[in-house]
Amino acid sequence: MKNHYYVPFTKEMKKDYTILVPTMLPMHFKLIIGVLESYGYQAELLETSGPAIVENGLKYVHNDTCYPALLVIGQFIDALQSGKYDPRKTALMMFQTGGGCRASNYISLIRKALAKAGMEYVPVISMSFAGIEKHPGFRLDLPKIHGMMYAIFYGDLLMSLVNQTRPYENTPGEAEALAERWCARLAAELGRGKRISYKKVKQNYRQMLQDFAAIPKTMRPTVKVGVVGEIFVKYSPLGNNDLERFLVREGAETVVPGLADFLLYCLYNSIVDYRLYGGNALKDQVMKLAYRFLCGKKNDVIRIMKEEGSFDAPTPFEVTVEMAKGYIDHGTKMGEGWLLTAEMLELAHSGVKNIVCTQPFGCLPNHICGKGMMKPIKEKNPDVNIVAIDYDPGATKVNQENRLKLMLANAVPTEKRSHQR
């Protein structure tokens with residue numbers, strides 16, 4: 001249902017409006033923006049940071065609102081008030097799953113904040129496969145979804161390669177620079193009117209692996225640290241105070257589960273819902289088909305990474321699903337739900353025994369499925385070293401980093417592969 005502040009994004013707006021996209025996964029979102037731009041949209045990823053964003057969030061949103069919403073709204077308002085954009089020629093885009101947590105209220109919260117700031121005329125586009133809203137000037141069709149799907153798999157691979165290269169590169173920044181070049185190239189390949197050849201996609205996977213393997217590296221003592229948690233603070237440098245860079249500076253190699261797993265989690269939840277509650281049989285068959293299709297795509301990436309041999313490959317999602325059994329039911333699916341527990345177990349079973357569980361303070365799903373599951377996980381896996389870090393306007397960066405340093409002081413060493421780097 002459209003709320004009082006709903007402003008449609010019209011076909012006419014597509015011609016001269018700039019669509020602002022909030023930060024979360026910079027490489028993934030740059031690829032997705034590349035797909036949108038090829039369809040005639042002008043889009044820009046916001047990568048701003050600093051205290052003004054939190055202050056704007058607190059100014060225009062109730063302070064009980066979850067931290068990711070506060071940051072996204074603060075970043076949007078900060079951009080619109082910066083003078084860089086004409087608010088009357090600007091639209092905002094928010095990615096949504098349509099799930100049961102407060103994230104499904106982000107669109108309404110953004111619109112209320114805009115009205116409070118005197119910019120209620122700014123359109124807010126819901127980017128959702130669940131079809132939460134409709135806008136005449138923006139529609140998700142199969143060609144766009146197809147391009148975005150590969151943007152996610154490319155982004156996951158680039159993220160993994162950067163994480164596995166950055167602690168060892170001889171020239172700091174070389175891995176990230178290479179990833180930026182690949183982002184520009186891939187965004188052009190995924191555009192409108194371009195036939196996406198899966199043979200070419202797999203060739204790109206192999207070439208990316210070769211390019212990152214060729215970066216000069218020096219083996220250094222490191223500890224692998226997994227990062228899990230609420231989706232925004234897990235991935236966004238803005239949301240987690242640049243957690244990954246801090247860990248690398250402290251001598252760690254970060255391991256972060258990919259975004260494709262979250263999409264597979266959403267599909268799998270739909271299949272579980274049908275099994276538990278019944279519903280539309282045709283929809284269930286479509287979801288099962290999509291689930292098997294995406295699992296196959298991820299498994300191809302895993303196979304190609306193992307064939308190349310220089311980097312650790314992720315875990316097949318079918319295995320991740322099994323990890324949760326005996327710990328948490330698959331019917332627990334608010335927020336990151338059972339996936340959060342499964343990701344911690346997946347990391348532990350793959351040799352990553354040190355884990356940071358990031359969560360917005362007061363995020364009930366994450367306090368249950370993340371912090372609440374730490375005790376049973378440690379009871380059955382006593383060698384696992386997990387720390388839960390809360391992110392909130394009242395949480396100081398110094399306190400967060402001190403807790404991380406304490407975790408690293410007790411870190412379980414990781415055995416290195418002799419053939420890598």
# chains A, B, ... in the order shown; residues from 1 in each chain; ligands from 1

$ residues_around --residues "Met305 in chain A" --least-positions-apart "3" --cutoff "12 Å" --atoms "only C-alpha atoms" --output "ChimeraX atom specification"
/A:157-158,160-161,202-210,212-213,298-302,308-315

$ write_last_selection --atoms "N, CA and C atoms" --output "mmCIF file, in the first residue's frame"
data_model
loop_
_atom_site.group_PDB
_atom_site.id
_atom_site.type_symbol
_atom_site.label_atom_id
_atom_site.label_comp_id
_atom_site.auth_asym_id
_atom_site.auth_seq_id
_atom_site.Cartn_x
_atom_site.Cartn_y
_atom_site.Cartn_z
ATOM 1 N N LEU A 157 33.020 -12.798 -6.391
ATOM 2 C CA LEU A 157 34.359 -13.303 -6.722
ATOM 3 C C LEU A 157 35.402 -12.215 -6.522
ATOM 4 N N LEU A 158 35.116 -10.999 -6.986
ATOM 5 C CA LEU A 158 36.069 -9.905 -6.804
ATOM 6 C C LEU A 158 36.321 -9.631 -5.325
ATOM 7 N N SER A 160 36.088 -11.715 -2.823
ATOM 8 C CA SER A 160 36.898 -12.802 -2.278
ATOM 9 C C SER A 160 38.357 -12.671 -2.697
ATOM 10 N N LEU A 161 38.590 -12.323 -3.958
ATOM 11 C CA LEU A 161 39.967 -12.221 -4.458
ATOM 12 C C LEU A 161 40.704 -11.047 -3.814
ATOM 13 N N LYS A 202 32.351 -17.469 -17.736
ATOM 14 C CA LYS A 202 33.320 -18.390 -17.129
ATOM 15 C C LYS A 202 34.745 -18.052 -17.555
ATOM 16 N N GLN A 203 34.906 -17.553 -18.779
ATOM 17 C CA GLN A 203 36.222 -17.087 -19.205
ATOM 18 C C GLN A 203 36.674 -15.912 -18.337
ATOM 19 N N ASN A 204 35.735 -15.018 -18.038
ATOM 20 C CA ASN A 204 36.059 -13.874 -17.170
ATOM 21 C C ASN A 204 36.457 -14.344 -15.772
ATOM 22 N N TYR A 205 35.737 -15.326 -15.240
ATOM 23 C CA TYR A 205 36.118 -15.878 -13.928
ATOM 24 C C TYR A 205 37.581 -16.330 -13.948
ATOM 25 N N ARG A 206 37.932 -17.090 -14.980
ATOM 26 C CA ARG A 206 39.305 -17.637 -15.069
ATOM 27 C C ARG A 206 40.335 -16.520 -15.224
ATOM 28 N N GLN A 207 40.007 -15.512 -16.035
ATOM 29 C CA GLN A 207 40.950 -14.421 -16.246
ATOM 30 C C GLN A 207 41.122 -13.587 -14.981
ATOM 31 N N MET A 208 40.026 -13.384 -14.246
ATOM 32 C CA MET A 208 40.121 -12.655 -12.981
ATOM 33 C C MET A 208 41.029 -13.384 -12.008
ATOM 34 N N LEU A 209 40.867 -14.697 -11.907
ATOM 35 C CA LEU A 209 41.712 -15.498 -11.025
ATOM 36 C C LEU A 209 43.176 -15.395 -11.425
ATOM 37 N N GLN A 210 43.440 -15.460 -12.717
ATOM 38 C CA GLN A 210 44.829 -15.362 -13.192
ATOM 39 C C GLN A 210 45.414 -13.986 -12.890
ATOM 40 N N PHE A 212 44.599 -11.822 -10.498
ATOM 41 C CA PHE A 212 44.878 -11.637 -9.069
ATOM 42 C C PHE A 212 46.019 -12.543 -8.606
ATOM 43 N N ALA A 213 46.114 -13.732 -9.174
ATOM 44 C CA ALA A 213 47.215 -14.627 -8.820
ATOM 45 C C ALA A 213 48.560 -14.042 -9.248
ATOM 46 N N LYS A 298 26.637 -20.823 -8.641
ATOM 47 C CA LYS A 298 27.657 -20.668 -7.598
ATOM 48 C C LYS A 298 28.633 -21.840 -7.633
ATOM 49 N N ASN A 299 28.132 -23.038 -7.855
ATOM 50 C CA ASN A 299 29.003 -24.211 -7.883
ATOM 51 C C ASN A 299 29.985 -24.155 -9.049
ATOM 52 N N ASP A 300 29.598 -23.508 -10.138
ATOM 53 C CA ASP A 300 30.528 -23.317 -11.260
ATOM 54 C C ASP A 300 31.690 -22.417 -10.840
ATOM 55 N N VAL A 301 31.398 -21.359 -10.091
ATOM 56 C CA VAL A 301 32.460 -20.473 -9.592
ATOM 57 C C VAL A 301 33.407 -21.266 -8.690
ATOM 58 N N ILE A 302 32.843 -22.085 -7.810
ATOM 59 C CA ILE A 302 33.651 -22.898 -6.890
ATOM 60 C C ILE A 302 34.563 -23.844 -7.668
ATOM 61 N N GLU A 308 41.818 -23.508 -10.731
ATOM 62 C CA GLU A 308 42.939 -22.568 -10.812
ATOM 63 C C GLU A 308 43.908 -22.783 -9.651
ATOM 64 N N GLY A 309 43.375 -23.005 -8.449
ATOM 65 C CA GLY A 309 44.183 -23.481 -7.338
ATOM 66 C C GLY A 309 44.902 -22.472 -6.479
ATOM 67 N N SER A 310 44.817 -21.176 -6.778
ATOM 68 C CA SER A 310 45.571 -20.193 -5.996
ATOM 69 C C SER A 310 44.794 -19.625 -4.825
ATOM 70 N N PHE A 311 43.477 -19.808 -4.834
ATOM 71 C CA PHE A 311 42.643 -19.163 -3.823
ATOM 72 C C PHE A 311 41.651 -20.153 -3.227
ATOM 73 N N ASP A 312 41.256 -19.873 -1.984
ATOM 74 C CA ASP A 312 40.229 -20.684 -1.332
ATOM 75 C C ASP A 312 38.878 -20.414 -1.978
ATOM 76 N N ALA A 313 38.157 -21.457 -2.294
ATOM 77 C CA ALA A 313 36.819 -21.323 -2.868
ATOM 78 C C ALA A 313 35.775 -21.302 -1.757
ATOM 79 N N PRO A 314 34.622 -20.655 -1.983
ATOM 80 C CA PRO A 314 33.563 -20.661 -0.969
ATOM 81 C C PRO A 314 32.916 -22.034 -0.851
ATOM 82 N N THR A 315 32.038 -22.175 0.108
ATOM 83 C CA THR A 315 31.329 -23.431 0.358
ATOM 84 C C THR A 315 30.053 -23.495 -0.475
#

$ select_by_dssp --residues "range 82-236 of chain A" --states "helix (DSSP H, G or I)" --output "count of residues only"
79

$ residues_around --residues "range 246-260 of chain A" --least-positions-apart "5" --cutoff "9 Å" --atoms "only C-alpha atoms" --output "mmCIF file with N, CA and C atoms, in the first residue's frame"
data_model
loop_
_atom_site.group_PDB
_atom_site.id
_atom_site.type_symbol
_atom_site.label_atom_id
_atom_site.label_comp_id
_atom_site.auth_asym_id
_atom_site.auth_seq_id
_atom_site.Cartn_x
_atom_site.Cartn_y
_atom_site.Cartn_z
ATOM 1 N N LEU A 25 27.663 -2.673 -0.612
ATOM 2 C CA LEU A 25 28.707 -3.482 -1.253
ATOM 3 C C LEU A 25 29.224 -2.689 -2.454
ATOM 4 N N HIS A 28 29.833 -4.680 -5.897
ATOM 5 C CA HIS A 28 28.582 -5.233 -6.402
ATOM 6 C C HIS A 28 27.674 -4.128 -6.926
ATOM 7 N N MET A 149 22.073 -10.488 -11.806
ATOM 8 C CA MET A 149 22.474 -11.779 -11.241
ATOM 9 C C MET A 149 23.974 -12.007 -11.440
ATOM 10 N N ILE A 152 26.164 -9.858 -9.293
ATOM 11 C CA ILE A 152 26.339 -10.372 -7.930
ATOM 12 C C ILE A 152 27.413 -11.450 -7.890
ATOM 13 N N PHE A 153 27.409 -12.374 -8.847
ATOM 14 C CA PHE A 153 28.438 -13.426 -8.850
ATOM 15 C C PHE A 153 29.824 -12.849 -9.133
ATOM 16 N N GLY A 155 30.700 -9.768 -8.409
ATOM 17 C CA GLY A 155 31.050 -9.005 -7.206
ATOM 18 C C GLY A 155 31.543 -9.899 -6.090
ATOM 19 N N ASP A 156 30.878 -11.051 -5.905
ATOM 20 C CA ASP A 156 31.314 -11.992 -4.858
ATOM 21 C C ASP A 156 32.733 -12.484 -5.124
ATOM 22 N N LEU A 157 33.020 -12.798 -6.391
ATOM 23 C CA LEU A 157 34.359 -13.303 -6.722
ATOM 24 C C LEU A 157 35.402 -12.215 -6.522
ATOM 25 N N MET A 159 35.255 -9.629 -4.518
ATOM 26 C CA MET A 159 35.397 -9.399 -3.076
ATOM 27 C C MET A 159 36.300 -10.456 -2.447
ATOM 28 N N SER A 160 36.088 -11.715 -2.823
ATOM 29 C CA SER A 160 36.898 -12.802 -2.278
ATOM 30 C C SER A 160 38.357 -12.671 -2.697
ATOM 31 N N ASN A 163 40.065 -9.814 -0.837
ATOM 32 C CA ASN A 163 40.313 -10.192 0.567
ATOM 33 C C ASN A 163 41.465 -11.171 0.704
ATOM 34 N N GLN A 164 41.615 -12.058 -0.272
ATOM 35 C CA GLN A 164 42.682 -13.062 -0.183
ATOM 36 C C GLN A 164 44.020 -12.550 -0.713
ATOM 37 N N THR A 165 44.014 -11.373 -1.324
ATOM 38 C CA THR A 165 45.251 -10.800 -1.871
ATOM 39 C C THR A 165 45.766 -9.644 -1.033
ATOM 40 N N ARG A 166 44.847 -8.828 -0.518
ATOM 41 C CA ARG A 166 45.215 -7.555 0.124
ATOM 42 C C ARG A 166 46.237 -7.690 1.257
ATOM 43 N N PRO A 167 46.152 -8.694 2.139
ATOM 44 C CA PRO A 167 47.136 -8.742 3.232
ATOM 45 C C PRO A 167 48.551 -9.080 2.776
ATOM 46 N N TYR A 168 48.714 -9.571 1.548
ATOM 47 C CA TYR A 168 50.017 -10.093 1.111
ATOM 48 C C TYR A 168 50.622 -9.321 -0.059
ATOM 49 N N ARG A 220 53.055 -13.355 4.658
ATOM 50 C CA ARG A 220 53.202 -12.715 5.967
ATOM 51 C C ARG A 220 52.388 -13.499 6.978
ATOM 52 N N PRO A 221 52.781 -13.465 8.237
ATOM 53 C CA PRO A 221 51.966 -14.138 9.263
ATOM 54 C C PRO A 221 50.607 -13.440 9.384
ATOM 55 N N THR A 222 49.553 -14.160 9.150
ATOM 56 C CA THR A 222 48.207 -13.605 9.265
ATOM 57 C C THR A 222 47.295 -14.598 9.977
ATOM 58 N N VAL A 223 46.157 -14.099 10.387
ATOM 59 C CA VAL A 223 45.111 -14.930 10.974
ATOM 60 C C VAL A 223 43.844 -14.682 10.165
ATOM 61 N N LYS A 224 43.179 -15.753 9.768
ATOM 62 C CA LYS A 224 41.931 -15.580 9.030
ATOM 63 C C LYS A 224 40.814 -15.227 10.003
ATOM 64 N N VAL A 225 40.068 -14.175 9.644
ATOM 65 C CA VAL A 225 38.950 -13.728 10.469
ATOM 66 C C VAL A 225 37.692 -13.644 9.599
ATOM 67 N N GLY A 226 36.671 -14.404 9.958
ATOM 68 C CA GLY A 226 35.410 -14.348 9.242
ATOM 69 C C GLY A 226 34.560 -13.189 9.745
ATOM 70 N N VAL A 227 33.789 -12.596 8.837
ATOM 71 C CA VAL A 227 32.890 -11.493 9.198
ATOM 72 C C VAL A 227 31.467 -11.887 8.794
ATOM 73 N N VAL A 228 30.578 -11.942 9.782
ATOM 74 C CA VAL A 228 29.178 -12.284 9.538
ATOM 75 C C VAL A 228 28.304 -11.236 10.234
ATOM 76 N N ILE A 231 23.116 -7.776 7.355
ATOM 77 C CA ILE A 231 23.647 -7.625 6.009
ATOM 78 C C ILE A 231 24.317 -6.273 5.767
ATOM 79 N N LYS A 234 27.511 -5.909 8.065
ATOM 80 C CA LYS A 234 28.494 -6.918 7.659
ATOM 81 C C LYS A 234 29.305 -6.432 6.457
ATOM 82 N N TYR A 235 28.619 -5.822 5.501
ATOM 83 C CA TYR A 235 29.268 -5.459 4.239
ATOM 84 C C TYR A 235 29.712 -4.007 4.144
ATOM 85 N N ASN A 241 32.373 0.835 10.431
ATOM 86 C CA ASN A 241 33.595 1.621 10.703
ATOM 87 C C ASN A 241 34.818 1.035 10.007
ATOM 88 N N TYR A 265 19.412 -17.889 0.241
ATOM 89 C CA TYR A 265 18.704 -18.002 1.522
ATOM 90 C C TYR A 265 17.248 -17.563 1.377
ATOM 91 N N LEU A 294 20.498 -21.091 -9.384
ATOM 92 C CA LEU A 294 21.512 -20.248 -8.760
ATOM 93 C C LEU A 294 22.560 -21.072 -8.006
ATOM 94 N N LYS A 298 26.637 -20.823 -8.641
ATOM 95 C CA LYS A 298 27.657 -20.668 -7.598
ATOM 96 C C LYS A 298 28.633 -21.840 -7.633
ATOM 97 N N PRO A 314 34.622 -20.655 -1.983
ATOM 98 C CA PRO A 314 33.563 -20.661 -0.969
ATOM 99 C C PRO A 314 32.916 -22.034 -0.851
ATOM 100 N N GLU A 343 26.389 -19.539 8.659
ATOM 101 C CA GLU A 343 27.629 -18.943 8.151
ATOM 102 C C GLU A 343 28.753 -19.055 9.176
ATOM 103 N N LEU A 347 32.126 -21.150 8.344
ATOM 104 C CA LEU A 347 33.480 -20.607 8.494
ATOM 105 C C LEU A 347 34.332 -21.515 9.380
ATOM 106 N N VAL A 352 38.225 -21.377 9.319
ATOM 107 C CA VAL A 352 38.254 -19.990 9.803
ATOM 108 C C VAL A 352 37.645 -19.994 11.204
ATOM 109 N N GLU A 401 37.124 -1.306 18.457
ATOM 110 C CA GLU A 401 38.453 -1.756 18.044
ATOM 111 C C GLU A 401 39.195 -2.434 19.192
ATOM 112 N N LEU A 404 37.938 -5.907 19.310
ATOM 113 C CA LEU A 404 38.490 -6.668 18.182
ATOM 114 C C LEU A 404 39.943 -7.056 18.449
ATOM 115 N N LYS A 405 40.711 -6.139 19.037
ATOM 116 C CA LYS A 405 42.107 -6.443 19.362
ATOM 117 C C LYS A 405 42.193 -7.561 20.397
ATOM 118 N N LEU A 408 41.610 -10.731 18.562
ATOM 119 C CA LEU A 408 42.796 -11.104 17.783
ATOM 120 C C LEU A 408 43.918 -11.619 18.685
#

$ residues_around --residues "Lys288 in chain A" --least-positions-apart "6" --cutoff "8 Å" --atoms "only C-alpha atoms" --output "list in words"
Leu267, Tyr268 and Ile271 of chain A

$ select_by_dssp --residues "range 33-128 of chain A" --states "strand (DSSP E)" --output "short mmCIF file (atom, residue, chain, number, x, y, z; two decimals) with C-alpha atoms, in the first residue's frame"
data_model
loop_
_atom_site.label_atom_id
_atom_site.label_comp_id
_atom_site.auth_asym_id
_atom_site.auth_seq_id
_atom_site.Cartn_x
_atom_site.Cartn_y
_atom_site.Cartn_z
CA GLN A 42 21.65 8.02 -14.48
CA ALA A 43 22.73 6.45 -11.21
CA GLU A 44 25.46 7.17 -8.68
CA LEU A 45 26.76 5.20 -5.70
CA THR A 90 17.18 13.53 -7.93
CA ALA A 91 15.60 10.20 -6.94
CA LEU A 92 16.65 7.72 -4.27
CA MET A 93 16.84 3.94 -4.58
CA MET A 94 16.57 1.47 -1.71
CA PHE A 95 17.21 -2.28 -2.01
CA VAL A 124 12.07 6.91 -3.54
CA ILE A 125 12.32 3.77 -5.67
CA SER A 126 11.99 0.37 -4.03
CA MET A 127 14.42 -2.07 -5.68
#

$ residues_around --residues "Leu109 in chain A" --least-positions-apart "6" --cutoff "12 Å" --atoms "only C-alpha atoms" --output "PyMOL selection string"
chain A and resi 3-6+57+60-62+65-66+68-74+76+94+102-103+115-116+120+124

$ write_last_selection --atoms "C-alpha atoms" --output "compact mmCIF listing (two decimals), in the first residue's frame"
# COMPACT_ATOMS: atom_id res chain seq x y z
CA ASN A 3 1.86 5.72 1.99
CA HIS A 4 1.00 9.41 2.26
CA TYR A 5 4.44 10.48 1.03
CA TYR A 6 4.59 8.24 -2.05
CA GLY A 57 20.24 10.34 10.53
CA TYR A 60 15.52 13.08 10.74
CA VAL A 61 14.85 9.59 12.15
CA HIS A 62 13.72 8.47 15.59
CA THR A 65 15.33 3.17 14.50
CA CYS A 66 17.90 0.49 13.64
CA PRO A 68 21.46 0.73 9.15
CA ALA A 69 18.25 2.72 8.49
CA LEU A 70 19.68 5.69 10.34
CA LEU A 71 22.88 5.58 8.24
CA VAL A 72 21.11 5.12 4.89
CA ILE A 73 18.72 8.01 5.59
CA GLY A 74 21.54 10.16 6.95
CA PHE A 76 20.67 10.35 1.53
CA MET A 94 16.57 1.47 -1.71
CA ARG A 102 12.35 -3.27 10.23
CA ALA A 103 14.24 -3.11 6.91
CA ALA A 115 9.17 15.39 4.28
CA LYS A 116 10.70 16.54 7.56
CA GLU A 120 8.86 15.36 0.16
CA VAL A 124 12.07 6.91 -3.54

$ closest_residue --among "A:Tyr198, A:Thr18, A:Ser128, A:Met119" --to "Ile107 in chain A" --atoms "only C-alpha atoms"
A:Ser128

$ closest_residue --among "A:Lys333, A:Lys306, A:Lys134, A:Arg245" --to "Asn269 in chain A" --atoms "only C-alpha atoms"
A:Lys333

$ closest_residue --among "A:Ala113, A:Met13, A:Ile33, A:Ala52" --to "Lys89 in chain A" --atoms "only C-alpha atoms"
A:Met13

$ atom_distance --atom1 "CA of Pro123 in chain A" --atom2 "CA of Leu46 in chain A"
16.7 Å

$ atom_distance --atom1 "CA of Met287 in chain A" --atom2 "CA of Leu263 in chain A"
11.5 Å

$ atom_distance --atom1 "CA of Ala290 in chain A" --atom2 "CA of Gly335 in chain A"
21.0 Å

$ closest_residue --among "A:Leu186, A:Met24, A:Met373, A:Val356" --to "Arg403 in chain A" --atoms "only C-alpha atoms"
A:Val356

$ decode --residues "range 105-184 of chain A" --atoms "C-alpha atoms" --output "PDB file, in the first residue's frame"
ATOM      1  CA  ASN A 105       9.911  -0.099   6.643  1.00  0.00           C
ATOM      2  CA  TYR A 106      12.936   1.746   5.234  1.00  0.00           C
ATOM      3  CA  ILE A 107      11.018   3.235   2.299  1.00  0.00           C
ATOM      4  CA  SER A 108       8.404   4.792   4.597  1.00  0.00           C
ATOM      5  CA  LEU A 109      11.109   6.016   6.986  1.00  0.00           C
ATOM      6  CA  ILE A 110      13.063   7.617   4.115  1.00  0.00           C
ATOM      7  CA  ARG A 111       9.941   9.391   2.826  1.00  0.00           C
ATOM      8  CA  LYS A 112       9.031  10.702   6.268  1.00  0.00           C
ATOM      9  CA  ALA A 113      12.599  11.982   6.702  1.00  0.00           C
ATOM     10  CA  LEU A 114      12.448  13.708   3.316  1.00  0.00           C
ATOM     11  CA  ALA A 115       9.173  15.385   4.284  1.00  0.00           C
ATOM     12  CA  LYS A 116      10.704  16.536   7.562  1.00  0.00           C
ATOM     13  CA  ALA A 117      13.648  17.990   5.612  1.00  0.00           C
ATOM     14  CA  GLY A 118      11.282  19.792   3.234  1.00  0.00           C
ATOM     15  CA  MET A 119      12.002  17.501   0.269  1.00  0.00           C
ATOM     16  CA  GLU A 120       8.859  15.363   0.158  1.00  0.00           C
ATOM     17  CA  TYR A 121       8.850  15.710  -3.662  1.00  0.00           C
ATOM     18  CA  VAL A 122      11.930  13.428  -4.039  1.00  0.00           C
ATOM     19  CA  PRO A 123      10.902  10.002  -5.443  1.00  0.00           C
ATOM     20  CA  VAL A 124      12.067   6.913  -3.544  1.00  0.00           C
ATOM     21  CA  ILE A 125      12.323   3.765  -5.671  1.00  0.00           C
ATOM     22  CA  SER A 126      11.990   0.369  -4.033  1.00  0.00           C
ATOM     23  CA  MET A 127      14.416  -2.074  -5.683  1.00  0.00           C
ATOM     24  CA  SER A 128      12.750  -5.340  -4.742  1.00  0.00           C
ATOM     25  CA  PHE A 129      12.218  -8.680  -6.444  1.00  0.00           C
ATOM     26  CA  ALA A 130       9.137  -9.023  -4.220  1.00  0.00           C
ATOM     27  CA  GLY A 131       7.425  -6.184  -6.109  1.00  0.00           C
ATOM     28  CA  ILE A 132       6.744  -4.089  -3.010  1.00  0.00           C
ATOM     29  CA  GLU A 133       5.917  -0.994  -5.101  1.00  0.00           C
ATOM     30  CA  LYS A 134       5.465   0.009  -8.718  1.00  0.00           C
ATOM     31  CA  HIS A 135       6.940   3.035 -10.483  1.00  0.00           C
ATOM     32  CA  PRO A 136       6.054   3.916 -14.108  1.00  0.00           C
ATOM     33  CA  GLY A 137       9.663   4.892 -14.866  1.00  0.00           C
ATOM     34  CA  PHE A 138      11.352   1.873 -13.287  1.00  0.00           C
ATOM     35  CA  ARG A 139      10.555  -1.762 -13.776  1.00  0.00           C
ATOM     36  CA  LEU A 140      12.561  -4.860 -12.993  1.00  0.00           C
ATOM     37  CA  ASP A 141      12.256  -7.143 -16.009  1.00  0.00           C
ATOM     38  CA  LEU A 142      14.075 -10.371 -16.871  1.00  0.00           C
ATOM     39  CA  PRO A 143      16.921  -8.759 -18.880  1.00  0.00           C
ATOM     40  CA  LYS A 144      17.776  -6.414 -15.984  1.00  0.00           C
ATOM     41  CA  ILE A 145      17.502  -9.228 -13.435  1.00  0.00           C
ATOM     42  CA  HIS A 146      19.716 -11.435 -15.625  1.00  0.00           C
ATOM     43  CA  GLY A 147      22.435  -8.765 -15.766  1.00  0.00           C
ATOM     44  CA  MET A 148      22.196  -8.072 -12.037  1.00  0.00           C
ATOM     45  CA  MET A 149      22.474 -11.779 -11.241  1.00  0.00           C
ATOM     46  CA  TYR A 150      25.871 -11.956 -12.919  1.00  0.00           C
ATOM     47  CA  ALA A 151      26.827  -8.638 -11.286  1.00  0.00           C
ATOM     48  CA  ILE A 152      26.339 -10.372  -7.930  1.00  0.00           C
ATOM     49  CA  PHE A 153      28.438 -13.426  -8.850  1.00  0.00           C
ATOM     50  CA  TYR A 154      31.171 -11.224 -10.316  1.00  0.00           C
ATOM     51  CA  GLY A 155      31.050  -9.005  -7.206  1.00  0.00           C
ATOM     52  CA  ASP A 156      31.314 -11.992  -4.858  1.00  0.00           C
ATOM     53  CA  LEU A 157      34.359 -13.303  -6.722  1.00  0.00           C
ATOM     54  CA  LEU A 158      36.069  -9.905  -6.804  1.00  0.00           C
ATOM     55  CA  MET A 159      35.397  -9.399  -3.076  1.00  0.00           C
ATOM     56  CA  SER A 160      36.898 -12.802  -2.278  1.00  0.00           C
ATOM     57  CA  LEU A 161      39.967 -12.221  -4.458  1.00  0.00           C
ATOM     58  CA  VAL A 162      40.634  -8.788  -2.966  1.00  0.00           C
ATOM     59  CA  ASN A 163      40.313 -10.192   0.567  1.00  0.00           C
ATOM     60  CA  GLN A 164      42.682 -13.062  -0.183  1.00  0.00           C
ATOM     61  CA  THR A 165      45.251 -10.800  -1.871  1.00  0.00           C
ATOM     62  CA  ARG A 166      45.215  -7.555   0.124  1.00  0.00           C
ATOM     63  CA  PRO A 167      47.136  -8.742   3.232  1.00  0.00           C
ATOM     64  CA  TYR A 168      50.017 -10.093   1.111  1.00  0.00           C
ATOM     65  CA  GLU A 169      50.372  -7.689  -1.848  1.00  0.00           C
ATOM     66  CA  ASN A 170      53.798  -6.080  -2.208  1.00  0.00           C
ATOM     67  CA  THR A 171      52.254  -2.812  -3.434  1.00  0.00           C
ATOM     68  CA  PRO A 172      49.412  -1.679  -1.141  1.00  0.00           C
ATOM     69  CA  GLY A 173      46.223  -0.968  -3.056  1.00  0.00           C
ATOM     70  CA  GLU A 174      47.104  -3.065  -6.100  1.00  0.00           C
ATOM     71  CA  ALA A 175      44.324  -5.619  -5.536  1.00  0.00           C
ATOM     72  CA  GLU A 176      41.673  -2.929  -5.099  1.00  0.00           C
ATOM     73  CA  ALA A 177      42.885  -1.080  -8.203  1.00  0.00           C
ATOM     74  CA  LEU A 178      42.667  -4.298 -10.222  1.00  0.00           C
ATOM     75  CA  ALA A 179      39.140  -4.892  -8.904  1.00  0.00           C
ATOM     76  CA  GLU A 180      38.120  -1.369 -10.002  1.00  0.00           C
ATOM     77  CA  ARG A 181      39.402  -2.055 -13.532  1.00  0.00           C
ATOM     78  CA  TRP A 182      37.461  -5.306 -13.639  1.00  0.00           C
ATOM     79  CA  CYS A 183      34.319  -3.540 -12.377  1.00  0.00           C
ATOM     80  CA  ALA A 184      34.500  -1.026 -15.226  1.00  0.00           C
TER      81      ALA A 184
END
